[in-house]
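Before any comments, here is the structure.
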Amino acid sequence: MNRLHGNHYLNRTIKQHKRISEKDSEYNKNTEGGRNVKKEVPSVPIWEKMNLTIAEAAAYSNIGENKIRELISDARCTFVLHLGNRTLIKRKEFEKYIGRTLEI
């Protein structure tokens, strides 16, 4: 394949990609009065959340992520919530567990 042909193919592919991504972005736009508006995701403080990620639970409790993973791997763990591929920590149950446990 000569260089010219290769560049032409590359340029055409880039243009097609731009058209597809423009369509996707138009499809996903939130418009208000003809202008784009970003959706704001509400920020909830950790101490008000019902469920925490493992990283949030580690920051909240000052217990390492690996230790939390070790705790939730136990079948008797009451503060773990499996949501598809996600693993969440039930904050109130986690607090109760920490409150009644003397050593981890």
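Note on naming: chains are A, B, ... as they come in the structure tokens, residues start from 1 per chain, ligands start from 1 in the order shown.
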Filtered DSSP result for region 33-100 of chain A, state strand (DSSP E), as a compact mmCIF listing (two decimals) with all heavy atoms, in the first residue's frame:
```txt
# COMPACT_ATOMS: atom_id res chain seq x y z
N ARG A 35 -29.13 25.41 25.01
CA ARG A 35 -27.71 25.38 25.39
C ARG A 35 -27.45 24.13 26.23
O ARG A 35 -28.35 23.57 26.83
CB ARG A 35 -27.32 26.63 26.16
CG ARG A 35 -28.06 26.83 27.43
CD ARG A 35 -27.77 28.20 28.04
NE ARG A 35 -28.51 28.30 29.28
CZ ARG A 35 -28.00 28.10 30.48
NH1 ARG A 35 -26.73 27.79 30.61
NH2 ARG A 35 -28.73 28.21 31.55
N ASN A 36 -26.20 23.72 26.23
CA ASN A 36 -25.82 22.51 26.97
C ASN A 36 -25.78 22.78 28.46
O ASN A 36 -25.30 23.82 28.89
CB ASN A 36 -24.45 22.01 26.51
CG ASN A 36 -24.47 21.55 25.08
OD1 ASN A 36 -25.52 21.20 24.56
ND2 ASN A 36 -23.33 21.57 24.44
N ASN A 51 -24.43 3.47 52.32
CA ASN A 51 -23.44 2.46 51.94
C ASN A 51 -22.16 3.15 51.49
O ASN A 51 -22.20 4.22 50.89
CB ASN A 51 -23.98 1.59 50.80
CG ASN A 51 -25.24 0.88 51.20
OD1 ASN A 51 -25.28 0.19 52.21
ND2 ASN A 51 -26.28 1.05 50.42
N LEU A 52 -21.06 2.52 51.77
CA LEU A 52 -19.75 3.07 51.43
C LEU A 52 -18.99 2.10 50.53
O LEU A 52 -19.18 0.89 50.62
CB LEU A 52 -18.91 3.29 52.70
CG LEU A 52 -19.54 4.11 53.83
CD1 LEU A 52 -18.65 4.06 55.06
CD2 LEU A 52 -19.75 5.54 53.38
N VAL A 80 -21.61 -6.31 54.79
CA VAL A 80 -21.24 -6.28 53.38
C VAL A 80 -22.50 -6.36 52.52
O VAL A 80 -23.48 -7.01 52.88
CB VAL A 80 -20.26 -7.43 53.02
CG1 VAL A 80 -20.91 -8.78 53.14
CG2 VAL A 80 -19.70 -7.23 51.62
N LEU A 81 -22.48 -5.65 51.40
CA LEU A 81 -23.59 -5.65 50.45
C LEU A 81 -22.99 -5.85 49.06
O LEU A 81 -22.18 -5.04 48.62
CB LEU A 81 -24.35 -4.33 50.51
CG LEU A 81 -25.45 -4.11 49.48
CD1 LEU A 81 -26.58 -5.10 49.71
CD2 LEU A 81 -25.96 -2.69 49.55
N HIS A 82 -23.37 -6.94 48.41
CA HIS A 82 -22.88 -7.21 47.05
C HIS A 82 -23.94 -6.73 46.07
O HIS A 82 -25.09 -7.16 46.13
CB HIS A 82 -22.61 -8.70 46.85
CG HIS A 82 -21.51 -9.21 47.72
ND1 HIS A 82 -20.18 -8.94 47.46
CD2 HIS A 82 -21.53 -9.95 48.84
CE1 HIS A 82 -19.44 -9.50 48.39
NE2 HIS A 82 -20.24 -10.13 49.24
N LEU A 83 -23.55 -5.84 45.20
CA LEU A 83 -24.45 -5.25 44.22
C LEU A 83 -23.85 -5.48 42.85
O LEU A 83 -23.05 -4.67 42.36
CB LEU A 83 -24.60 -3.75 44.51
CG LEU A 83 -25.63 -2.98 43.72
CD1 LEU A 83 -27.02 -3.47 44.07
CD2 LEU A 83 -25.52 -1.51 44.01
N ARG A 86 -20.11 -4.83 42.28
CA ARG A 86 -19.67 -3.88 43.31
C ARG A 86 -19.84 -4.47 44.69
O ARG A 86 -20.78 -5.19 44.97
CB ARG A 86 -20.49 -2.59 43.20
CG ARG A 86 -20.29 -1.89 41.89
CD ARG A 86 -21.12 -0.65 41.80
NE ARG A 86 -20.62 0.29 42.79
CZ ARG A 86 -21.24 1.41 43.11
NH1 ARG A 86 -22.38 1.72 42.54
NH2 ARG A 86 -20.74 2.23 44.00
N THR A 87 -18.91 -4.13 45.56
CA THR A 87 -18.99 -4.52 46.96
C THR A 87 -19.10 -3.25 47.77
O THR A 87 -18.23 -2.37 47.69
CB THR A 87 -17.73 -5.31 47.39
OG1 THR A 87 -17.64 -6.48 46.56
CG2 THR A 87 -17.81 -5.72 48.83
N LEU A 88 -20.16 -3.14 48.54
CA LEU A 88 -20.38 -1.96 49.36
C LEU A 88 -20.42 -2.36 50.83
O LEU A 88 -20.68 -3.51 51.18
CB LEU A 88 -21.69 -1.28 48.96
CG LEU A 88 -21.77 -0.76 47.53
CD1 LEU A 88 -23.16 -0.23 47.23
CD2 LEU A 88 -20.73 0.31 47.27
N ILE A 89 -20.19 -1.37 51.68
CA ILE A 89 -20.19 -1.57 53.12
C ILE A 89 -21.38 -0.82 53.69
O ILE A 89 -21.55 0.38 53.45
CB ILE A 89 -18.89 -1.02 53.76
CG1 ILE A 89 -17.65 -1.60 53.07
CG2 ILE A 89 -18.86 -1.24 55.25
CD1 ILE A 89 -17.49 -3.07 53.18
N LYS A 90 -22.23 -1.52 54.46
CA LYS A 90 -23.36 -0.87 55.13
C LYS A 90 -22.79 -0.08 56.31
O LYS A 90 -22.29 -0.65 57.28
CB LYS A 90 -24.35 -1.91 55.62
CG LYS A 90 -24.94 -2.76 54.53
CD LYS A 90 -25.81 -3.84 55.13
CE LYS A 90 -26.21 -4.87 54.13
NZ LYS A 90 -26.96 -5.98 54.74
```
Skipping near chain neighbours, those fewer than 3 positions away, what residues fall within 9 Å of Phe94 (chain A) using only C-alpha atoms, listed as a PyMOL selection string?
chain A and resi 57+78-80+89-91+97-99
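Proximity of A:Ile46, A:Ile54, A:Leu102, A:Val41 to Ile72 (chain A), computed with only C-alpha atoms, is greatest for A:Ile54.
Separating CA of Thr101 (chain A) from CA of Ala75 (chain A) is a distance of 17.2 Å.
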For Trp47 (chain A): contacts at 9 Å, only C-alpha atoms, fewer than 2 positions along chain excluded, given as a list in words:
Val44, Pro45, Lys49, Met50, Tyr60 and Arg91 of chain A
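Here CA of Asn66 (chain A) stands at a distance of 25.9 Å from CA of Ser43 (chain A).
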